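> Got a structure for you, start_21.csv, holding CSV, C-alpha atoms.
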chain,number,residue,atom,x,y,z
T,1,MET,CA,-57.2,-17.3,-62.4
T,2,MET,CA,-53.8,-17.3,-60.7
T,3,GLU,CA,-52.2,-19.1,-63.6
T,4,PHE,CA,-53.4,-16.5,-66.0
T,5,ASP,CA,-52.2,-13.7,-63.7
T,6,ALA,CA,-48.7,-15.1,-63.5
T,7,GLN,CA,-48.5,-15.5,-67.2
T,8,ALA,CA,-49.5,-11.9,-67.7
T,9,TRP,CA,-47.1,-10.6,-65.1
T,10,VAL,CA,-44.2,-12.6,-66.7
T,11,GLY,CA,-45.0,-10.9,-70.0
T,12,VAL,CA,-45.1,-7.5,-68.4
T,13,ALA,CA,-41.8,-8.1,-66.6
T,14,ALA,CA,-40.1,-9.4,-69.8
T,15,PHE,CA,-41.2,-6.3,-71.8
T,16,VAL,CA,-40.4,-3.8,-69.1
T,17,GLY,CA,-37.1,-5.6,-68.4
T,18,GLY,CA,-36.2,-5.6,-72.1
T,19,GLY,CA,-36.9,-1.9,-72.3
T,20,ILE,CA,-34.8,-1.1,-69.3
T,21,ALA,CA,-32.0,-3.4,-70.6
T,22,ILE,CA,-31.5,-1.7,-73.9
T,23,GLY,CA,-32.8,1.8,-72.9
T,24,PHE,CA,-30.2,2.2,-70.1
T,25,GLY,CA,-27.7,-0.1,-71.8
T,26,ALA,CA,-27.5,2.2,-74.8
T,27,ILE,CA,-26.5,5.3,-72.7
T,28,GLY,CA,-22.9,4.3,-72.0
T,29,ALA,CA,-21.6,3.1,-75.4
T,30,ALA,CA,-23.2,6.1,-77.1
T,31,ILE,CA,-21.4,8.6,-74.8
T,32,GLY,CA,-18.2,6.7,-75.0
T,33,GLU,CA,-18.2,6.4,-78.7
T,34,GLY,CA,-19.1,10.0,-79.1
T,35,TYR,CA,-16.2,11.0,-77.0
T,36,THR,CA,-13.9,8.8,-79.1
T,37,ALA,CA,-15.2,10.4,-82.3
T,38,ALA,CA,-14.8,13.9,-80.9
T,39,VAL,CA,-11.2,13.3,-79.9
T,40,ALA,CA,-10.5,11.6,-83.2
T,41,ASN,CA,-11.7,14.7,-85.0
T,42,LEU,CA,-9.3,16.7,-82.9
T,43,ALA,CA,-6.5,14.3,-83.7
T,44,VAL,CA,-7.2,14.5,-87.5
T,45,SER,CA,-7.1,18.3,-87.3
T,46,ARG,CA,-3.7,18.1,-85.6
T,47,ASN,CA,-2.3,15.7,-88.1
T,48,PRO,CA,-4.5,15.4,-91.2
T,49,LYS,CA,-1.9,13.2,-93.0
T,50,LEU,CA,-2.6,10.4,-90.6
T,51,SER,CA,-6.4,10.6,-91.0
T,52,GLY,CA,-6.5,7.0,-92.3
T,53,GLU,CA,-4.7,5.5,-89.3
T,54,ILE,CA,-6.7,7.6,-86.9
T,55,PHE,CA,-10.0,6.6,-88.6
T,56,LYS,CA,-9.1,2.9,-88.3
T,57,ASN,CA,-8.1,3.2,-84.7
T,58,MET,CA,-11.3,5.1,-83.9
T,59,LEU,CA,-13.4,2.4,-85.4
T,60,VAL,CA,-11.5,-0.4,-83.5
T,61,GLY,CA,-11.9,1.5,-80.3
T,62,GLN,CA,-15.5,2.2,-80.8
T,63,ALA,CA,-16.2,-1.4,-81.7
T,64,VAL,CA,-14.9,-2.4,-78.2
T,65,ALA,CA,-17.0,0.3,-76.5
T,66,GLU,CA,-20.0,-1.0,-78.4
T,67,SER,CA,-19.7,-4.5,-76.9
T,68,ALA,CA,-21.4,-3.4,-73.7
T,69,SER,CA,-24.5,-2.2,-75.4
T,70,ILE,CA,-24.5,-5.3,-77.7
T,71,PHE,CA,-24.7,-7.4,-74.5
T,72,ALA,CA,-27.7,-5.2,-73.5
T,73,LEU,CA,-29.3,-5.7,-76.9
T,74,VAL,CA,-28.9,-9.5,-76.6
T,75,VAL,CA,-30.5,-9.6,-73.2
T,76,ALA,CA,-33.3,-7.3,-74.5
T,77,ILE,CA,-34.0,-9.6,-77.5
T,78,LEU,CA,-33.9,-12.7,-75.3
T,79,LEU,CA,-36.4,-11.0,-72.9
T,80,LEU,CA,-38.7,-10.2,-75.8
T,81,PHE,CA,-38.6,-13.5,-77.6
T,82,MET,CA,-37.5,-16.2,-75.3
T,83,ASP,CA,-40.0,-19.0,-74.3
T,84,ARG,CA,-41.8,-17.8,-71.2
T,85,GLY,CA,-43.5,-21.1,-70.5
T,86,ASN,CA,-44.0,-22.4,-66.9
T,87,ALA,CA,-44.8,-18.9,-65.8
T,88,THR,CA,-44.6,-18.2,-62.1
T,89,MET,CA,-44.6,-14.8,-60.3
T,90,LEU,CA,-41.0,-15.5,-59.4
T,91,LYS,CA,-40.1,-15.8,-63.0
T,92,ALA,CA,-41.5,-12.2,-63.5
T,93,ALA,CA,-39.2,-10.9,-60.7
T,94,ALA,CA,-36.2,-12.8,-62.3
T,95,LEU,CA,-36.8,-11.3,-65.7
T,96,LEU,CA,-37.1,-7.8,-64.3
T,97,GLY,CA,-33.9,-8.3,-62.4
T,98,ALA,CA,-32.1,-9.5,-65.5
T,99,GLY,CA,-33.1,-6.3,-67.4
T,100,LEU,CA,-32.0,-4.1,-64.5
T,101,SER,CA,-28.7,-5.8,-64.2
T,102,MET,CA,-27.8,-5.6,-67.9
T,103,GLY,CA,-29.2,-2.1,-68.4
T,104,PHE,CA,-27.4,-0.4,-65.6
T,105,GLY,CA,-24.4,-2.7,-66.0
T,106,ALA,CA,-23.6,-1.5,-69.5
T,107,ILE,CA,-23.5,2.2,-68.7
T,108,GLY,CA,-20.0,2.4,-67.1
T,109,SER,CA,-18.2,0.1,-69.4
T,110,GLY,CA,-19.6,1.8,-72.5
T,111,ILE,CA,-18.5,5.3,-71.3
T,112,GLY,CA,-15.2,4.0,-69.9
T,113,ALA,CA,-14.1,2.2,-73.1
T,114,GLY,CA,-14.5,5.5,-75.0
T,115,PHE,CA,-11.6,7.2,-73.1
T,116,PRO,CA,-8.7,4.9,-74.2
T,117,ALA,CA,-10.1,4.8,-77.7
T,118,GLY,CA,-10.2,8.6,-77.9
T,119,GLN,CA,-6.8,9.1,-76.3
T,120,ALA,CA,-5.2,6.5,-78.5
T,121,CYS,CA,-6.5,8.5,-81.6
T,122,LEU,CA,-5.1,11.7,-80.2
T,123,GLY,CA,-1.8,9.9,-79.3
T,124,LEU,CA,-1.5,8.7,-82.9
T,125,SER,CA,-1.6,12.2,-84.2
T,126,ARG,CA,1.1,13.2,-81.8
T,127,GLN,CA,3.4,10.1,-81.9
T,128,PRO,CA,2.7,8.2,-85.2
T,129,ALA,CA,5.8,6.0,-84.6
T,130,ALA,CA,4.1,4.5,-81.5
T,131,ALA,CA,1.0,3.4,-83.3
T,132,THR,CA,1.3,-0.3,-82.5
T,133,ARG,CA,2.0,0.3,-78.9
T,134,LEU,CA,-0.9,2.7,-78.6
T,135,THR,CA,-3.4,0.3,-80.2
T,136,THR,CA,-2.2,-2.6,-78.0
T,137,ASN,CA,-2.5,-0.5,-74.9
T,138,MET,CA,-5.9,0.8,-76.0
T,139,LEU,CA,-7.1,-2.8,-76.6
T,140,ILE,CA,-5.9,-4.1,-73.2
T,141,GLY,CA,-7.3,-1.1,-71.3
T,142,SER,CA,-10.7,-1.1,-73.0
T,143,ALA,CA,-11.0,-4.9,-72.7
T,144,VAL,CA,-10.6,-4.6,-68.9
T,145,CYS,CA,-13.2,-1.9,-68.9
T,146,GLN,CA,-15.7,-4.4,-70.2
T,147,THR,CA,-15.4,-6.8,-67.2
T,148,PRO,CA,-18.2,-5.0,-65.2
T,149,ALA,CA,-20.5,-5.3,-68.2
T,150,ILE,CA,-19.6,-9.0,-68.4
T,151,PHE,CA,-20.4,-9.5,-64.7
T,152,SER,CA,-23.8,-7.9,-65.4
T,153,LEU,CA,-24.3,-10.2,-68.4
T,154,VAL,CA,-23.5,-13.3,-66.3
T,155,VAL,CA,-26.1,-12.2,-63.6
T,156,ALA,CA,-28.6,-11.4,-66.3
T,157,PHE,CA,-28.2,-14.8,-68.0
T,158,ILE,CA,-28.5,-16.7,-64.6
T,159,LEU,CA,-31.7,-14.7,-63.9
T,160,LEU,CA,-33.0,-15.4,-67.4
T,161,PHE,CA,-32.3,-19.2,-67.5
T,162,MET,CA,-32.3,-20.5,-63.9
T,163,ASP,CA,-35.4,-22.3,-62.7
T,164,PHE,CA,-36.8,-20.6,-59.6
T,165,SER,CA,-40.1,-22.4,-59.6
T,166,ALA,CA,-39.3,-24.4,-56.4
T,167,ALA,CA,-38.5,-21.3,-54.3
T,168,PRO,CA,-41.2,-19.5,-52.2
T,169,PHE,CA,-42.5,-16.3,-53.7
T,170,ASN,CA,-41.9,-14.1,-50.7
T,171,PRO,CA,-39.1,-13.1,-50.0
T,172,THR,CA,-37.3,-14.6,-53.1
T,173,TRP,CA,-38.9,-12.0,-55.5
T,174,ALA,CA,-37.0,-9.2,-53.6
T,175,ALA,CA,-33.8,-11.3,-53.7
T,176,LEU,CA,-33.9,-11.7,-57.5
T,177,ILE,CA,-34.6,-8.0,-58.1
T,178,GLY,CA,-31.9,-7.1,-55.6
T,179,ALA,CA,-29.5,-9.4,-57.3
T,180,GLY,CA,-30.0,-7.6,-60.6
T,181,LEU,CA,-29.6,-4.1,-59.0
T,182,SER,CA,-26.5,-5.1,-57.0
T,183,THR,CA,-24.3,-6.0,-60.0
T,184,GLY,CA,-25.9,-3.6,-62.4
T,185,LEU,CA,-25.4,-0.5,-60.3
T,186,ALA,CA,-22.0,-1.5,-58.9
T,187,ALA,CA,-20.8,-2.0,-62.5
T,188,ILE,CA,-21.3,1.7,-63.4
T,189,GLY,CA,-18.5,3.0,-61.3
T,190,SER,CA,-16.0,0.2,-62.0
T,191,GLY,CA,-16.5,0.5,-65.8
T,192,PHE,CA,-16.2,4.3,-65.8
T,193,GLY,CA,-13.2,4.3,-63.4
T,194,GLY,CA,-11.4,1.6,-65.3
T,195,GLY,CA,-11.8,3.6,-68.5
T,196,MET,CA,-10.4,6.7,-66.9
T,197,ALA,CA,-7.2,4.8,-66.0
T,198,ALA,CA,-7.0,3.3,-69.5
T,199,GLY,CA,-7.5,6.7,-71.1
T,200,SER,CA,-4.6,8.3,-69.3
T,201,SER,CA,-2.4,5.4,-70.0
T,202,CYS,CA,-2.9,5.9,-73.7
T,203,GLU,CA,-2.2,9.6,-73.3
T,204,GLY,CA,1.0,8.6,-71.3
T,205,VAL,CA,2.2,6.1,-74.0
T,206,ALA,CA,1.8,8.8,-76.6
T,207,ARG,CA,3.8,11.2,-74.6
T,208,GLN,CA,6.6,8.9,-73.6
T,209,PRO,CA,6.4,5.7,-75.7
T,210,GLU,CA,9.4,4.1,-73.9
T,211,THR,CA,7.5,4.1,-70.6
T,212,ILE,CA,4.8,1.7,-71.9
T,213,GLY,CA,5.9,-1.2,-69.7
T,214,ASN,CA,5.4,0.7,-66.4
T,215,VAL,CA,2.4,2.6,-67.7
T,216,THR,CA,0.5,-0.6,-68.7
T,217,THR,CA,1.5,-2.3,-65.5
T,218,ILE,CA,0.2,0.5,-63.2
T,219,MET,CA,-2.9,0.8,-65.4
T,220,LEU,CA,-3.7,-2.8,-64.9
T,221,VAL,CA,-3.1,-2.7,-61.2
T,222,GLY,CA,-5.2,0.4,-60.9
T,223,GLN,CA,-8.0,-1.1,-63.0
T,224,ALA,CA,-7.9,-4.3,-61.0
T,225,VAL,CA,-8.6,-2.3,-57.8
T,226,ALA,CA,-11.3,-0.3,-59.5
T,227,GLN,CA,-13.0,-3.6,-60.4
T,228,THR,CA,-13.4,-4.6,-56.7
T,229,PRO,CA,-16.7,-2.7,-56.2
T,230,ALA,CA,-18.2,-4.6,-59.2
T,231,ILE,CA,-16.9,-7.8,-57.7
T,232,PHE,CA,-18.6,-7.0,-54.4
T,233,GLY,CA,-21.8,-6.4,-56.4
T,234,LEU,CA,-21.4,-9.8,-58.1
T,235,LEU,CA,-20.8,-11.5,-54.7
T,236,VAL,CA,-24.0,-10.1,-53.2
T,237,SER,CA,-25.9,-11.0,-56.4
T,238,PHE,CA,-24.7,-14.6,-56.2
T,239,ILE,CA,-25.7,-14.8,-52.5
T,240,LEU,CA,-29.1,-13.4,-53.3
T,241,ILE,CA,-29.7,-15.7,-56.2
T,242,PHE,CA,-28.3,-19.0,-54.8
T,243,LYS,CA,-29.2,-18.7,-51.1
T,244,VAL,CA,-32.4,-20.5,-50.2
T,245,PHE,CA,-34.7,-18.1,-48.2
T,246,PRO,CA,-37.4,-19.8,-46.1
T,247,GLU,CA,-41.0,-18.8,-47.0
T,248,THR,CA,-42.3,-15.9,-44.9
T,249,THR,CA,-45.4,-13.7,-44.9
T,250,GLN,CA,-43.4,-10.8,-43.6
T,251,ILE,CA,-42.7,-7.8,-45.8
T,252,GLN,CA,-39.6,-6.8,-43.9
T,253,THR,CA,-37.6,-9.8,-45.0
T,254,ALA,CA,-38.2,-9.0,-48.6
T,255,MET,CA,-37.3,-5.3,-48.0
T,256,ALA,CA,-34.1,-6.3,-46.3
T,257,LEU,CA,-33.0,-8.3,-49.4
T,258,LEU,CA,-34.0,-5.6,-51.8
T,259,GLY,CA,-32.1,-3.1,-49.6
T,260,ALA,CA,-29.0,-5.3,-49.6
T,261,GLY,CA,-29.0,-5.3,-53.4
T,262,LEU,CA,-29.5,-1.5,-53.5
T,263,CYS,CA,-26.8,-0.9,-50.9
T,264,THR,CA,-24.0,-2.8,-52.6
T,265,GLY,CA,-25.1,-1.5,-56.0
T,266,PHE,CA,-25.2,2.2,-55.2
T,267,GLY,CA,-22.3,1.8,-52.7
T,268,GLY,CA,-20.0,0.5,-55.5
T,269,ILE,CA,-20.5,3.5,-57.8
T,270,GLY,CA,-18.5,6.1,-55.9
T,271,PRO,CA,-15.5,3.9,-55.0
T,272,GLY,CA,-15.3,2.5,-58.5
T,273,LEU,CA,-15.2,6.0,-59.9
T,274,GLY,CA,-12.8,7.1,-57.2
T,275,ASN,CA,-10.4,4.2,-57.6
T,276,GLY,CA,-10.4,5.0,-61.4
T,277,MET,CA,-9.6,8.6,-60.7
T,278,ALA,CA,-6.7,7.6,-58.4
T,279,ALA,CA,-5.4,5.2,-61.1
T,280,GLU,CA,-5.7,7.9,-63.8
T,281,GLY,CA,-3.6,10.3,-61.8
T,282,ALA,CA,-0.9,7.7,-61.1
T,283,VAL,CA,-0.7,6.5,-64.7
T,284,ARG,CA,-0.6,10.0,-66.0
T,285,TRP,CA,2.3,10.9,-63.8
T,286,VAL,CA,4.3,7.6,-64.3
T,287,ALA,CA,4.5,8.6,-68.0
T,288,ARG,CA,5.8,12.0,-67.0
T,289,ASN,CA,8.0,11.1,-64.1
T,290,LEU,CA,9.2,7.5,-64.5
T,291,PRO,CA,11.8,7.5,-61.6
T,292,SER,CA,8.9,8.1,-59.2
T,293,ALA,CA,6.9,5.1,-60.4
T,294,ALA,CA,7.3,3.2,-57.2
T,295,ASP,CA,6.1,6.2,-55.1
T,296,LEU,CA,3.2,6.8,-57.4
T,297,MET,CA,2.1,3.1,-57.3
T,298,ARG,CA,2.3,3.2,-53.5
T,299,ILE,CA,0.2,6.4,-53.1
T,300,MET,CA,-2.3,5.2,-55.7
T,301,LEU,CA,-2.8,2.0,-53.8
T,302,VAL,CA,-3.1,3.8,-50.4
T,303,GLY,CA,-5.5,6.3,-51.9
T,304,GLN,CA,-7.6,3.6,-53.5
T,305,ALA,CA,-7.7,1.6,-50.3
T,306,VAL,CA,-9.2,4.6,-48.5
T,307,SER,CA,-11.7,5.3,-51.4
T,308,GLN,CA,-12.6,1.6,-51.2
T,309,SER,CA,-13.6,1.8,-47.6
T,310,THR,CA,-17.2,3.0,-48.3
T,311,ALA,CA,-17.8,0.1,-50.7
T,312,ILE,CA,-16.7,-2.2,-47.9
T,313,TYR,CA,-19.2,-0.5,-45.5
T,314,ALA,CA,-21.9,-1.0,-48.1
T,315,LEU,CA,-20.9,-4.7,-48.4
T,316,VAL,CA,-21.0,-5.1,-44.7
T,317,VAL,CA,-24.5,-3.5,-44.4
T,318,SER,CA,-25.7,-5.7,-47.2
T,319,LEU,CA,-24.4,-8.8,-45.6
T,320,VAL,CA,-26.0,-7.8,-42.3
T,321,LEU,CA,-29.3,-7.2,-44.2
T,322,ILE,CA,-29.1,-10.7,-45.8
T,323,PHE,CA,-27.8,-12.8,-42.9
T,324,VAL,CA,-28.5,-11.0,-39.6
T,325,VAL,CA,-31.7,-9.1,-39.5
S,1,MET,CA,-51.2,-12.2,-44.9
S,2,ALA,CA,-52.0,-9.5,-42.5
S,3,ILE,CA,-49.4,-6.8,-42.6
S,4,GLU,CA,-49.4,-4.5,-39.6
S,5,GLY,CA,-48.1,-1.0,-39.3
S,6,ALA,CA,-45.1,-2.1,-37.3
S,7,ASP,CA,-44.1,-4.5,-40.1
S,8,ILE,CA,-44.2,-1.8,-42.6
S,9,VAL,CA,-42.1,0.5,-40.4
S,10,LYS,CA,-39.6,-2.3,-39.9
S,11,ALA,CA,-39.5,-3.0,-43.7
S,12,ALA,CA,-39.0,0.7,-44.4
S,13,ALA,CA,-36.1,0.8,-41.9
S,14,PHE,CA,-34.4,-2.1,-43.7
S,15,LEU,CA,-34.9,-0.6,-47.1
S,16,GLY,CA,-33.8,2.8,-45.7
S,17,ALA,CA,-30.6,1.3,-44.2
S,18,GLY,CA,-29.6,-0.1,-47.6
S,19,ILE,CA,-30.4,3.2,-49.4
S,20,SER,CA,-28.6,5.2,-46.8
S,21,MET,CA,-25.3,3.3,-46.9
S,22,GLY,CA,-25.6,2.8,-50.7
S,23,LEU,CA,-26.1,6.4,-51.7
S,24,GLY,CA,-23.9,7.6,-48.9
S,25,ALA,CA,-21.0,5.7,-50.2
S,26,ILE,CA,-20.9,7.5,-53.6
S,27,GLY,CA,-19.6,10.9,-52.4
S,28,PRO,CA,-16.7,9.7,-50.2
S,29,GLY,CA,-15.6,7.2,-52.9
S,30,VAL,CA,-15.5,9.9,-55.6
S,31,GLY,CA,-14.0,12.6,-53.4
S,32,GLU,CA,-11.3,10.4,-52.0
S,33,GLY,CA,-10.4,9.2,-55.5
S,34,MET,CA,-10.0,12.8,-56.6
S,35,THR,CA,-7.7,13.4,-53.6
S,36,ALA,CA,-5.6,10.4,-54.5
S,37,ALA,CA,-5.4,11.5,-58.2
S,38,LYS,CA,-4.2,15.0,-57.2
S,39,ALA,CA,-1.7,13.5,-54.7
S,40,CYS,CA,-0.3,11.4,-57.5
S,41,GLU,CA,0.0,14.6,-59.6
S,42,ALA,CA,1.8,16.4,-56.7
S,43,ILE,CA,4.2,13.5,-56.2
S,44,GLY,CA,4.9,13.4,-59.9
S,45,LYS,CA,5.8,17.1,-59.8
S,46,ASN,CA,7.7,17.1,-56.6
S,47,PRO,CA,8.8,13.5,-55.6
S,48,ALA,CA,11.0,14.8,-52.8
S,49,GLU,CA,7.9,15.6,-50.7
S,50,ALA,CA,6.3,12.2,-51.1
S,51,GLY,CA,6.0,11.7,-47.3
S,52,LEU,CA,4.4,15.0,-46.6
S,53,LEU,CA,2.0,14.6,-49.6
S,54,THR,CA,0.9,11.1,-48.4
S,55,ARG,CA,0.2,12.5,-45.0
S,56,THR,CA,-1.8,15.4,-46.4
S,57,MET,CA,-3.7,13.1,-48.7
S,58,LEU,CA,-4.6,10.8,-45.9
S,59,VAL,CA,-5.8,13.6,-43.6
S,60,GLY,CA,-7.9,15.0,-46.4
S,61,GLN,CA,-9.4,11.7,-47.2
S,62,ALA,CA,-10.2,11.0,-43.6
S,63,VAL,CA,-12.3,14.2,-43.6
S,64,ALA,CA,-14.0,13.2,-46.8
S,65,GLU,CA,-14.7,9.8,-45.2
S,66,SER,CA,-16.7,11.3,-42.4
S,67,THR,CA,-20.0,11.5,-44.5
S,68,GLY,CA,-19.6,7.8,-45.4
S,69,ILE,CA,-19.2,7.0,-41.7
S,70,TYR,CA,-22.4,9.1,-40.9
S,71,SER,CA,-24.2,6.9,-43.5
S,72,LEU,CA,-22.9,3.8,-41.9
S,73,VAL,CA,-24.0,4.9,-38.4
S,74,ILE,CA,-27.5,5.8,-39.7
S,75,ALA,CA,-27.7,2.5,-41.5
S,76,LEU,CA,-26.7,0.6,-38.3
S,77,LEU,CA,-29.2,2.6,-36.3
S,78,LEU,CA,-31.9,1.8,-38.8
S,79,LEU,CA,-31.0,-1.9,-38.7
S,80,PHE,CA,-30.6,-2.4,-35.0
S,81,VAL,CA,-32.0,0.5,-32.9
S,82,VAL,CA,-35.0,2.1,-34.5
Render the structure in this file as structure tokens.


Amino acid sequence: MMEFDAQAWVGVAAFVGGGIAIGFGAIGAAIGEGYTAAVANLAVSRNPKLSGEIFKNMLVGQAVAESASIFALVVAILLLFMDRGNATMLKAAALLGAGLSMGFGAIGSGIGAGFPAGQACLGLSRQPAAATRLTTNMLIGSAVCQTPAIFSLVVAFILLFMDFSAAPFNPTWAALIGAGLSTGLAAIGSGFGGGMAAGSSCEGVARQPETIGNVTTIMLVGQAVAQTPAIFGLLVSFILIFKVFPETTQIQTAMALLGAGLCTGFGGIGPGLGNGMAAEGAVRWVARNLPSAADLMRIMLVGQAVSQSTAIYALVVSLVLIFVV
Amino acid sequence: MAIEGADIVKAAAFLGAGISMGLGAIGPGVGEGMTAAKACEAIGKNPAEAGLLTRTMLVGQAVAESTGIYSLVIALLLLFVV
């Protein structure tokens, strides 16, 4: 009787997880690519002679933005069709966690990668001579935006393929769902924020192509800081997946682990976005006022550090939930 | 396994602590980032006032931080006191 129940629940978790993975995972890339297409239209109307170049650039940029939802599609297909043999109730929790991680995790990167692609198209219409530099900058910026989605993919794959059959059901089920939520939610802000920084750097390169060295550098520094909340999410996910939790009958241990995942996950959204906004402001103004680049870099980092503080509080509360209470 | 009322209350307190700090971190993060972006704009427009602008930014961010600290306090109360 129990064997049958576990088998059924694993199937339920796989199908629900697959739906969540591609349902949420499709949001980001669609918005990002729509933004790119909208701005590309604007660019063509400004400079119709370059429509071929702009069209090509639009497609390349959209292809990068698409990768986040392709990850989600891969995870969804795996959830639907992979071999679900050796079913345990924990496997069901792991599959649901995988779907949550990849579904939420693709939102930010998909939207974010649309910004540099759109701004590169607009930049082409303004500054056709800088085409190569714009495309290079766009590709670097949007590649970095994908990192949070890749973190989510890694967590989803671990949850899909690791064998949890030796672990006790309670509280490990909550740890696995929490692990998916932690990286998935935290990736939203970092992907979106990194995209904002990349978008304004493409705008800046189009405005002043000779500032590309400084603009790309400060974009990368800003994006790296904007990535930190997603890295906190990944850290908490890894602790939740790989730490061995002793068996317990108490519900509060499970809720503490689920709460830890939610805390770092939600807690990473705001700081990721905020760090991206700060980087966007700094990059935009480095292109306009190169002599102040050092001041701008400094104030960006100070501002990001303050914005980061709440993600650090969330990380601390999560670690207390996992290790102390 | 017999779950008593006190266990459920404790479980809710732990889950609530995570949700409190997690959702509470969104606002300050976004708000402080906006402040930093505008401070960058202001320094780009008027680099001579970088010191004053940094100070203004930090004071503004400190105020925006307060709600994040409220969340932290509530989370710690839920974890250790309630």

> So, with only C-alpha atoms as the atoms that count, which of S:Thr54, S:Ala6, S:Phe80, S:Val63 lies closest to Ala37 in chain S?

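Smallest distance to Ala37 in chain S is found for S:Thr54.
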
> Excluding Val225 in chain T and residues on its chain fewer than 2 positions from it, collect all residues at most 9 Å away from it, counting only C-alpha atoms, and give them as a ChimeraX atom specification.

/T:190,194,220-223,227-229,272,275-276,279,301,304-305,308

> With a cut-off of 7 Å and counting all atoms listed in the file, select all residues of chain S in contact with chain T and give the selection as an MDAnalysis selection string.

chainID S and resid 1 7:8 10:11 14:15 18:19 21:23 25:34 36:38 40:41 43:44 47 54 68 72

> With only C-alpha atoms as the basis for distance, which of T:Pro168, T:Gly195, T:Pro148, T:Gly99 is at the shortest distance from Gly118 in chain T?

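Between T:Pro168, T:Gly195, T:Pro148, T:Gly99, the residue approaching Gly118 in chain T most closely is T:Gly195.
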
> Grab the CA of Phe104 in chain T to CA of Ala76 in chain T distance for me, in Å with one decimal place.

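That distance, rounded to one decimal, is 12.7 Å.
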
> What does the distance between CA of Leu160 in chain T and CA of Val236 in chain T come to in Å, to one decimal place?

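Answer for the CA of Leu160 in chain T to CA of Val236 in chain T separation: 17.6 Å.
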
> Pick the closest to Ala17 in chain S from S:Asn46, S:Ser66, S:Thr56, S:Ser71: which is it, counting all atoms listed in the file?

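That would be S:Ser71, the residue with the smallest distance to Ala17 in chain S.
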
> Skip Gly85 in chain T itself and residues of its chain fewer than 2 positions away, then list as a PyMOL selection string all residues within 12 Å of it, counting only C-alpha atoms.

chain T and resi 3-4+6-8+10-11+81-83+87-88+91-92+161+163+165

> What's the separation between CA of Glu210 in chain T and CA of Arg126 in chain T, in Å to one decimal place?

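Computing the Euclidean distance for CA of Glu210 in chain T and CA of Arg126 in chain T yields 14.6 Å.
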
> May I ask which of the residues S:Leu52, S:Ile3, S:Ala42, S:Ala13 is the closest one to Leu76 in chain S, counting only C-alpha atoms?

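Checking each of S:Leu52, S:Ile3, S:Ala42, S:Ala13 against Leu76 in chain S, counting only C-alpha atoms, the winner is S:Ala13.
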
> Env of Glu33 in chain T: 7 Å cut, atoms = only C-alpha atoms, seq-sep filter 5 positions within chain, self excluded. Answer as a list in words.

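Listed by chain and then number, they are Gln62, Ala65 and Gly114 of chain T.
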